[in-house]
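Novice: Handing over query.csv, CSV, C-alpha atoms.
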chain,number,residue,atom,x,y,z
A,684,MET,CA,2.4,-144.5,46.7
A,685,ALA,CA,5.8,-144.5,48.5
A,686,VAL,CA,7.6,-146.3,45.7
A,687,ALA,CA,9.3,-144.6,42.8
A,688,TYR,CA,10.8,-146.3,39.7
A,689,THR,CA,13.6,-145.0,37.6
A,690,ALA,CA,14.3,-147.0,34.4
A,691,GLN,CA,17.0,-146.5,31.9
A,692,ASN,CA,17.6,-149.1,29.2
A,693,ARG,CA,17.5,-152.3,31.2
A,694,HIS,CA,18.5,-150.8,34.5
A,695,LEU,CA,15.8,-150.3,37.1
A,696,THR,CA,16.0,-148.5,40.4
A,697,VAL,CA,13.2,-149.0,42.9
A,698,ALA,CA,13.2,-146.4,45.7
A,699,LEU,CA,11.1,-147.5,48.7
A,700,SER,CA,10.1,-145.0,51.4
A,701,GLY,CA,8.0,-144.7,54.5
A,702,GLU,CA,6.8,-147.7,56.5
A,703,ILE,CA,7.0,-151.1,54.9
A,704,ASP,CA,4.5,-153.4,56.7
A,705,HIS,CA,1.7,-155.9,55.8
A,706,HIS,CA,-0.8,-153.0,55.3
A,707,ARG,CA,1.5,-151.3,52.8
A,708,VAL,CA,2.8,-154.4,51.0
A,709,ARG,CA,-0.6,-155.4,49.8
A,710,GLY,CA,-0.6,-153.8,46.4
A,711,LEU,CA,3.1,-153.0,46.4
A,712,LEU,CA,4.0,-156.5,45.1
A,713,GLU,CA,1.6,-156.3,42.2
A,714,ASP,CA,2.8,-152.9,41.4
A,715,MET,CA,6.5,-153.9,41.3
A,716,ASP,CA,5.6,-157.0,39.2
A,717,ARG,CA,4.0,-154.8,36.6
A,718,GLU,CA,7.1,-152.5,36.5
A,719,LEU,CA,9.5,-155.5,36.2
A,720,ASP,CA,7.4,-157.0,33.4
A,721,GLU,CA,7.6,-153.8,31.5
A,722,VAL,CA,11.4,-153.0,32.0
A,723,LEU,CA,12.7,-156.6,32.1
A,724,PRO,CA,15.8,-155.3,33.9
A,725,HIS,CA,19.3,-156.7,33.7
A,726,THR,CA,20.2,-154.8,36.9
A,727,LEU,CA,18.0,-153.8,39.7
A,728,VAL,CA,18.9,-151.5,42.5
A,729,VAL,CA,16.6,-151.3,45.5
A,730,ASP,CA,17.1,-147.9,47.2
A,731,CYS,CA,16.1,-148.2,50.8
A,732,ARG,CA,17.3,-144.8,52.1
A,733,GLY,CA,13.7,-143.5,52.6
A,734,ILE,CA,12.5,-146.4,54.7
A,735,THR,CA,11.4,-145.3,58.2
A,736,PHE,CA,10.2,-148.7,59.4
A,737,MET,CA,10.2,-152.3,58.1
A,738,ASP,CA,8.9,-155.6,59.5
A,739,SER,CA,9.0,-159.1,57.9
A,740,SER,CA,6.7,-157.9,55.2
A,741,GLY,CA,9.8,-156.2,53.7
A,742,ILE,CA,11.5,-159.6,53.6
A,743,ALA,CA,8.7,-160.9,51.4
A,744,VAL,CA,9.2,-157.9,49.1
A,745,LEU,CA,13.0,-158.4,48.8
A,746,LEU,CA,12.6,-162.2,48.3
A,747,ARG,CA,10.1,-161.6,45.6
A,748,LEU,CA,12.4,-159.1,43.8
A,749,TRP,CA,15.4,-161.5,44.2
A,750,LYS,CA,13.4,-164.4,42.7
A,751,ARG,CA,12.2,-162.3,39.8
A,752,MET,CA,15.8,-161.1,39.1
A,753,GLU,CA,17.0,-164.8,39.3
A,754,ALA,CA,14.4,-165.7,36.7
A,755,LEU,CA,15.4,-162.8,34.5
A,756,GLY,CA,19.1,-163.7,34.8
A,757,GLY,CA,19.9,-160.3,36.2
A,758,THR,CA,21.5,-158.9,39.4
A,759,ILE,CA,19.9,-157.2,42.4
A,760,GLN,CA,21.6,-154.7,44.7
A,761,VAL,CA,20.1,-153.3,48.0
A,762,THR,CA,21.5,-149.9,48.9
A,763,GLY,CA,21.1,-147.3,51.6
A,764,LEU,CA,19.5,-149.5,54.3
A,765,PRO,CA,18.8,-147.7,57.6
A,766,GLU,CA,19.7,-149.6,60.7
A,767,GLN,CA,16.2,-150.8,61.7
A,768,PRO,CA,15.4,-152.6,58.4
A,769,ALA,CA,19.0,-153.9,58.2
A,770,ARG,CA,18.5,-155.6,61.6
A,771,VAL,CA,15.3,-157.2,60.3
A,772,LEU,CA,16.9,-158.5,57.1
A,773,ARG,CA,20.0,-159.8,59.0
A,774,ALA,CA,17.7,-161.6,61.5
A,775,ALA,CA,16.2,-163.4,58.5
A,776,GLY,CA,19.6,-164.3,57.1
A,777,LEU,CA,19.1,-162.2,53.9
A,778,GLN,CA,22.8,-161.2,53.8
A,779,ARG,CA,23.3,-164.7,52.3
A,780,LEU,CA,21.3,-163.6,49.2
A,781,PHE,CA,22.7,-160.1,48.8
A,782,PRO,CA,25.1,-157.8,50.7
A,783,LEU,CA,23.3,-155.5,53.1
A,784,ASP,CA,25.3,-152.3,53.3
B,519,MET,CA,3.0,-167.8,87.1
B,520,ARG,CA,4.5,-164.4,87.6
B,521,THR,CA,3.9,-163.0,91.1
B,522,ILE,CA,5.8,-159.6,90.8
B,523,LYS,CA,3.3,-156.8,90.2
B,524,TYR,CA,3.8,-154.6,87.3
B,525,THR,CA,4.3,-150.9,87.9
B,526,ASN,CA,2.4,-149.5,84.9
B,527,GLN,CA,0.0,-150.9,82.3
B,528,VAL,CA,-2.0,-149.8,79.3
B,529,SER,CA,-4.5,-151.9,77.4
B,530,LEU,CA,-5.6,-151.2,73.8
B,531,VAL,CA,-8.4,-153.0,71.9
B,532,PHE,CA,-8.8,-152.5,68.2
B,533,PRO,CA,-10.4,-154.3,65.2
B,534,SER,CA,-8.2,-156.5,63.0
B,535,ARG,CA,-7.8,-154.0,60.3
B,536,SER,CA,-4.4,-153.8,58.7
B,537,ALA,CA,-4.4,-150.0,59.1
B,538,ASN,CA,-4.1,-150.6,62.8
B,539,GLU,CA,-0.7,-152.4,62.5
B,540,SER,CA,1.0,-149.0,62.4
B,541,PHE,CA,-1.0,-147.6,65.3
B,542,ALA,CA,-0.2,-150.6,67.5
B,543,ARG,CA,3.5,-150.5,67.1
B,544,SER,CA,3.6,-146.7,67.5
B,545,ALA,CA,1.6,-147.0,70.7
B,546,ALA,CA,3.9,-149.7,72.0
B,547,ALA,CA,6.9,-147.5,71.2
B,548,ALA,CA,5.4,-144.5,72.9
B,549,PHE,CA,4.7,-146.6,76.1
B,550,ALA,CA,8.2,-148.1,76.0
B,551,ALA,CA,9.7,-144.6,75.8
B,552,GLN,CA,9.4,-144.3,79.6
B,553,LEU,CA,12.1,-147.0,80.0
B,554,ASP,CA,14.7,-144.7,78.3
B,555,PRO,CA,15.4,-147.1,75.4
B,556,THR,CA,18.0,-146.6,72.7
B,557,LEU,CA,16.7,-146.1,69.2
B,558,ASP,CA,17.7,-149.7,68.4
B,559,GLU,CA,15.7,-151.0,71.4
B,560,LEU,CA,12.7,-149.0,70.3
B,561,GLY,CA,13.0,-150.3,66.8
B,562,ASP,CA,13.1,-153.9,68.2
B,563,VAL,CA,9.9,-153.3,70.2
B,564,LYS,CA,8.1,-151.8,67.2
B,565,THR,CA,9.2,-154.6,64.9
B,566,ALA,CA,8.1,-157.4,67.3
B,567,VAL,CA,4.7,-155.8,68.0
B,568,SER,CA,4.2,-155.3,64.2
B,569,GLU,CA,4.9,-159.0,63.7
B,570,ALA,CA,2.5,-160.2,66.5
B,571,VAL,CA,-0.3,-157.9,65.6
B,572,THR,CA,0.0,-158.7,61.9
B,573,ASN,CA,-0.2,-162.4,62.7
B,574,ALA,CA,-3.4,-161.8,64.6
B,575,ILE,CA,-4.9,-159.7,61.7
B,576,VAL,CA,-3.9,-162.1,58.9
B,577,HIS,CA,-4.1,-165.5,60.5
B,578,ALA,CA,-6.5,-165.3,63.5
B,579,TYR,CA,-9.3,-163.7,61.5
B,580,PRO,CA,-8.6,-164.8,57.9
B,581,ASP,CA,-12.1,-164.0,56.6
B,582,THR,CA,-13.7,-161.8,59.2
B,583,LEU,CA,-12.9,-158.8,61.4
B,584,GLY,CA,-12.2,-159.6,65.0
B,585,LYS,CA,-10.9,-158.1,68.2
B,586,VAL,CA,-7.2,-157.7,69.0
B,587,GLU,CA,-5.9,-156.7,72.4
B,588,LEU,CA,-2.5,-155.2,73.1
B,589,LYS,CA,-1.5,-155.0,76.7
B,590,LEU,CA,1.7,-153.2,77.6
B,591,ARG,CA,3.2,-153.6,81.1
B,592,ILE,CA,6.3,-152.4,82.9
B,593,TYR,CA,7.9,-154.5,85.6
B,594,PRO,CA,10.5,-153.6,88.2
B,595,GLY,CA,14.0,-154.0,86.7
B,596,ASN,CA,13.2,-152.1,83.6
B,597,GLU,CA,11.4,-154.9,81.9
B,598,LEU,CA,8.7,-154.5,79.3
B,599,GLU,CA,6.0,-157.1,78.7
B,600,LEU,CA,3.8,-157.0,75.6
B,601,ILE,CA,0.8,-159.3,75.4
B,602,ILE,CA,-1.0,-159.6,72.0
B,603,ARG,CA,-4.3,-161.5,72.3
B,604,ASP,CA,-6.9,-162.4,69.8
B,605,TRP,CA,-10.1,-164.5,69.9
B,606,GLY,CA,-9.6,-166.0,66.4
B,607,ILE,CA,-9.2,-169.4,64.9
B,608,GLY,CA,-6.1,-170.4,66.9
B,609,ILE,CA,-2.9,-172.1,65.8
B,610,PRO,CA,-3.2,-175.9,65.4
B,611,ASP,CA,0.6,-176.5,65.6
B,612,ILE,CA,2.6,-173.8,67.4
B,613,ASP,CA,6.0,-175.5,66.8
B,614,GLN,CA,5.3,-175.5,63.1
B,615,ALA,CA,4.1,-171.9,63.1
B,616,ARG,CA,7.4,-170.8,64.8
B,617,THR,CA,9.5,-172.6,62.2
B,618,PRO,CA,11.4,-170.1,60.0
B,619,LEU,CA,9.8,-169.7,56.5
B,620,PHE,CA,6.7,-171.6,57.4
B,621,THR,CA,3.6,-169.7,56.5
B,622,THR,CA,-0.1,-170.5,55.8
B,623,GLY,CA,-0.3,-167.0,54.2
B,624,ASN,CA,0.1,-165.9,50.6
B,625,GLU,CA,3.2,-164.4,48.9
B,626,GLU,CA,2.8,-161.2,51.0
B,627,ARG,CA,4.0,-163.2,54.0
B,628,SER,CA,7.6,-164.4,54.5
B,629,GLY,CA,7.0,-166.9,57.3
B,630,MET,CA,9.7,-165.0,59.4
B,631,GLY,CA,7.4,-163.3,61.9
B,632,PHE,CA,8.2,-165.5,64.9
B,633,THR,CA,11.9,-165.6,64.0
B,634,ILE,CA,12.0,-161.8,64.1
B,635,MET,CA,10.1,-161.7,67.4
B,636,GLU,CA,12.6,-164.3,68.9
B,637,SER,CA,15.6,-162.3,67.6
B,638,PHE,CA,14.4,-159.0,69.0
B,639,MET,CA,12.8,-160.0,72.3
B,640,ASP,CA,14.3,-161.8,75.3
B,641,SER,CA,11.4,-164.2,75.4
B,642,VAL,CA,8.4,-165.2,73.2
B,643,LYS,CA,5.6,-167.3,74.6
B,644,VAL,CA,2.7,-168.5,72.6
B,645,LYS,CA,-0.5,-170.0,74.0
B,646,SER,CA,-3.2,-171.0,71.5
B,647,VAL,CA,-6.5,-173.0,71.6
B,648,PRO,CA,-8.0,-173.8,68.2
B,649,GLY,CA,-11.3,-172.1,67.9
B,650,LYS,CA,-10.7,-169.9,70.9
B,651,GLY,CA,-7.8,-167.7,70.1
B,652,THR,CA,-4.1,-167.0,70.7
B,653,THR,CA,-2.0,-165.1,73.2
B,654,VAL,CA,1.6,-164.1,72.4
B,655,THR,CA,3.6,-162.8,75.3
B,656,LEU,CA,6.8,-160.9,74.5
B,657,ARG,CA,9.4,-159.7,77.1
B,658,LYS,CA,12.4,-157.5,76.9
B,659,ARG,CA,14.6,-156.0,79.6
B,660,PHE,CA,16.1,-152.6,78.8
B,661,ALA,CA,19.7,-151.7,79.9
B,662,LEU,CA,19.9,-149.0,82.6
B,663,ARG,CA,22.0,-146.2,81.3
B,664,ALA,CA,24.3,-143.9,83.3
B,665,GLY,CA,22.5,-140.7,84.1
B,666,GLY,CA,19.2,-142.4,83.4
B,667,LYS,CA,16.2,-142.8,85.6
B,668,VAL,CA,16.1,-142.9,89.4
What does the file become when written as structure tokens?
Specialist:
Amino acid sequence: MAVAYTAQNRHLTVALSGEIDHHRVRGLLEDMDRELDEVLPHTLVVDCRGITFMDSSGIAVLLRLWKRMEALGGTIQVTGLPEQPARVLRAAGLQRLFPLD
Amino acid sequence: MRTIKYTNQVSLVFPSRSANESFARSAAAAFAAQLDPTLDELGDVKTAVSEAVTNAIVHAYPDTLGKVELKLRIYPGNELELIIRDWGIGIPDIDQARTPLFTTGNEERSGMGFTIMESFMDSVKVKSVPGKGTTVTLRKRFALRAGGKV
């Protein structure tokens, strides 16, 4: 599984790596939901440094995390985005939800 | 109809298994490499192919496995054409399918597939007949670089 979680108090880091596509995202959403239910984070950091490819399936992942953090009243930060996934997220207008650095 | 003859072509046929999404976009990138693309251009091709092939896998054959064909062609003028064809259920309303955020899929889908294809390709054409299948034709022209090909 190319997703790693680091939780401390109510701070959670989700590190995604490898190729994020429809094939991979099946299962990933449920996995992330379980982790969020357990930690109930105030702050969530999505570390994207290890992503080698991402298509619109990644948009679904980030939108889901964003919605979950809205419901929890917490904040979400996306960090370390390589250029290819950043282009996909910008094409979808996701910079309006959170800064894409 | 296009009358100019392509200078190179490959055709791949594979079953609509999601494991083949990665194969299809990698094959497209490998074929496009002969056009001397930048890394960004190569990323755009991979992304657009991934979207079109995933649509075929998820939406054309929702409950069965079917055949997906990926045709890659190079035309004079450094132009790449990618044709993604399926023989699935078809799209009843193409304009609706191309609307950002519209999806008939579940939460795994964002409804942004066509928007991404349109952003990254020069043109996106969709032909679909309900019950017969769908053909998506993507085109992209690559910049000629100094010191590049003859």
Novice: When you get a sec, could you note down which chain A residues fall within 10 Å of chain B, using all atoms listed in the file, as a VMD selection string?
Specialist: chain A and resid 702 to 712 736 to 747 766 to 768 770 to 775
Novice: Just want the 10 Å neighbourhood of Ser700 in chain A, counted on only C-alpha atoms, with same-chain residues fewer than 3 positions away dropped. Output as a PyMOL selection string.
Specialist: chain A and resi 684-687+697+703+730-737
Novice: Find, counting all atoms listed in the file, the residue in A:Met715, A:Ala690, A:Leu723, A:Leu780 that gets nearest to Ile759 in chain A.
Specialist: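 Selected residue with least distance to Ile759 in chain A: A:Leu780.
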Novice: Extract, using all atoms listed in the file, all DNA, RNA and protein residues at most 7 Å from Ile592 in chain B, discarding same-chain residues fewer than 3 positions from it, and format them as a list in words.
Specialist: Tyr524, Thr525, Asn526, Gln527, Asn596, Glu597, Leu598 and Glu599 of chain B
Novice: Find the residues around range 531-533 of chain B up to 6 Å (only C-alpha atoms counted), leave out those fewer than 5 positions away in its own chain, and share them as a VMD selection string.
Specialist: chain B and resid 584 to 587
Novice: Quick one: pull the distance between CA of Val571 in chain B and CA of Arg543 in chain B, Å, one decimal.
Specialist: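 Between CA of Val571 in chain B and CA of Arg543 in chain B the gap is 8.5 Å.
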Novice: Let me make sure I understand: among A:Thr758, A:Gly701, A:Glu713, A:Val728, which one has the smallest atom-to-atom distance to Tyr688 in chain A if we use only C-alpha atoms?
Specialist: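 Among A:Thr758, A:Gly701, A:Glu713, A:Val728, it is A:Val728 that comes nearest to Tyr688 in chain A.
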Novice: Just checking: using all atoms listed in the file, which residue out of A:Leu777, A:Leu783, A:Leu748, A:Ala698 ends up closest to Leu764 in chain A?
Specialist: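 Closest to Leu764 in chain A of all the choices is A:Leu783.
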Novice: CA of Asn692 in chain A to CA of Arg717 in chain A: how many Å, to one decimal?
Specialist: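 A separation of 16.5 Å between them.
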Novice: Got a sec: who's within 8 Å of range 607-611 of chain B, counting all atoms listed in the file, leaving out chain neighbours fewer than 6 positions off, as a CSV table (one decimal) with C-alpha atoms, in the frame of the given file?
Specialist:
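Ended up saving to result11.csv:
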chain,number,residue,atom,x,y,z
B,577,HIS,CA,-4.1,-165.5,60.5
B,578,ALA,CA,-6.5,-165.3,63.5
B,579,TYR,CA,-9.3,-163.7,61.5
B,646,SER,CA,-3.2,-171.0,71.5
B,647,VAL,CA,-6.5,-173.0,71.6
B,648,PRO,CA,-8.0,-173.8,68.2
B,649,GLY,CA,-11.3,-172.1,67.9
B,650,LYS,CA,-10.7,-169.9,70.9
B,651,GLY,CA,-7.8,-167.7,70.1
B,652,THR,CA,-4.1,-167.0,70.7
Novice: What is the CA of Gly606 in chain B-CA of Leu583 in chain B distance in Å, reported with one decimal?
Specialist: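 Here the two named atoms are 9.4 Å from each other.
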Novice: Would you pull range 557-577 of chain B out of the block just shown and save N, CA and C atoms as a PDB file, in the first residue's frame?
Specialist:
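File out-v8.pdb, as written:
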ATOM      1  N   LEU B 557       8.951  16.828 -20.699  1.00  0.00           N
ATOM      2  CA  LEU B 557       8.362  16.025 -19.627  1.00  0.00           C
ATOM      3  C   LEU B 557       6.919  16.436 -19.359  1.00  0.00           C
ATOM      4  N   ASP B 558       6.656  17.750 -19.442  1.00  0.00           N
ATOM      5  CA  ASP B 558       5.281  18.232 -19.234  1.00  0.00           C
ATOM      6  C   ASP B 558       4.346  17.689 -20.308  1.00  0.00           C
ATOM      7  N   GLU B 559       4.808  17.728 -21.571  1.00  0.00           N
ATOM      8  CA  GLU B 559       3.975  17.228 -22.673  1.00  0.00           C
ATOM      9  C   GLU B 559       3.701  15.733 -22.518  1.00  0.00           C
ATOM     10  N   LEU B 560       4.715  15.005 -22.104  1.00  0.00           N
ATOM     11  CA  LEU B 560       4.564  13.566 -21.892  1.00  0.00           C
ATOM     12  C   LEU B 560       3.567  13.298 -20.757  1.00  0.00           C
ATOM     13  N   GLY B 561       3.661  14.093 -19.711  1.00  0.00           N
ATOM     14  CA  GLY B 561       2.719  13.992 -18.590  1.00  0.00           C
ATOM     15  C   GLY B 561       1.291  14.269 -19.041  1.00  0.00           C
ATOM     16  N   ASP B 562       1.131  15.247 -19.945  1.00  0.00           N
ATOM     17  CA  ASP B 562      -0.201  15.580 -20.453  1.00  0.00           C
ATOM     18  C   ASP B 562      -0.792  14.409 -21.237  1.00  0.00           C
ATOM     19  N   VAL B 563       0.040  13.762 -22.064  1.00  0.00           N
ATOM     20  CA  VAL B 563      -0.423  12.615 -22.856  1.00  0.00           C
ATOM     21  C   VAL B 563      -0.839  11.476 -21.925  1.00  0.00           C
ATOM     22  N   LYS B 564       0.014  11.174 -20.953  1.00  0.00           N
ATOM     23  CA  LYS B 564      -0.298  10.091 -20.014  1.00  0.00           C
ATOM     24  C   LYS B 564      -1.609  10.364 -19.273  1.00  0.00           C
ATOM     25  N   THR B 565      -1.780  11.613 -18.856  1.00  0.00           N
ATOM     26  CA  THR B 565      -2.973  11.949 -18.081  1.00  0.00           C
ATOM     27  C   THR B 565      -4.232  11.810 -18.932  1.00  0.00           C
ATOM     28  N   ALA B 566      -4.192  12.356 -20.160  1.00  0.00           N
ATOM     29  CA  ALA B 566      -5.377  12.308 -21.023  1.00  0.00           C
ATOM     30  C   ALA B 566      -5.744  10.868 -21.377  1.00  0.00           C
ATOM     31  N   VAL B 567      -4.733  10.040 -21.672  1.00  0.00           N
ATOM     32  CA  VAL B 567      -5.000   8.634 -21.999  1.00  0.00           C
ATOM     33  C   VAL B 567      -5.580   7.917 -20.785  1.00  0.00           C
ATOM     34  N   SER B 568      -5.044   8.208 -19.622  1.00  0.00           N
ATOM     35  CA  SER B 568      -5.542   7.593 -18.393  1.00  0.00           C
ATOM     36  C   SER B 568      -7.029   7.908 -18.194  1.00  0.00           C
ATOM     37  N   GLU B 569      -7.402   9.161 -18.456  1.00  0.00           N
ATOM     38  CA  GLU B 569      -8.810   9.561 -18.294  1.00  0.00           C
ATOM     39  C   GLU B 569      -9.710   8.815 -19.286  1.00  0.00           C
ATOM     40  N   ALA B 570      -9.295   8.790 -20.550  1.00  0.00           N
ATOM     41  CA  ALA B 570     -10.145   8.182 -21.582  1.00  0.00           C
ATOM     42  C   ALA B 570     -10.275   6.676 -21.370  1.00  0.00           C
ATOM     43  N   VAL B 571      -9.164   6.031 -21.038  1.00  0.00           N
ATOM     44  CA  VAL B 571      -9.191   4.580 -20.837  1.00  0.00           C
ATOM     45  C   VAL B 571      -9.985   4.233 -19.563  1.00  0.00           C
ATOM     46  N   THR B 572      -9.836   5.041 -18.533  1.00  0.00           N
ATOM     47  CA  THR B 572     -10.595   4.791 -17.300  1.00  0.00           C
ATOM     48  C   THR B 572     -12.094   4.946 -17.566  1.00  0.00           C
ATOM     49  N   ASN B 573     -12.466   5.959 -18.366  1.00  0.00           N
ATOM     50  CA  ASN B 573     -13.885   6.109 -18.729  1.00  0.00           C
ATOM     51  C   ASN B 573     -14.414   4.834 -19.385  1.00  0.00           C
ATOM     52  N   ALA B 574     -13.633   4.288 -20.324  1.00  0.00           N
ATOM     53  CA  ALA B 574     -14.063   3.077 -21.024  1.00  0.00           C
ATOM     54  C   ALA B 574     -14.221   1.918 -20.034  1.00  0.00           C
ATOM     55  N   ILE B 575     -13.266   1.806 -19.117  1.00  0.00           N
ATOM     56  CA  ILE B 575     -13.275   0.694 -18.169  1.00  0.00           C
ATOM     57  C   ILE B 575     -14.432   0.821 -17.173  1.00  0.00           C
ATOM     58  N   VAL B 576     -14.662   2.044 -16.680  1.00  0.00           N
ATOM     59  CA  VAL B 576     -15.670   2.244 -15.633  1.00  0.00           C
ATOM     60  C   VAL B 576     -17.073   2.360 -16.214  1.00  0.00           C
ATOM     61  N   HIS B 577     -17.203   3.170 -17.295  1.00  0.00           N
ATOM     62  CA  HIS B 577     -18.543   3.531 -17.751  1.00  0.00           C
ATOM     63  C   HIS B 577     -19.038   2.702 -18.937  1.00  0.00           C
TER      64      HIS B 577
END
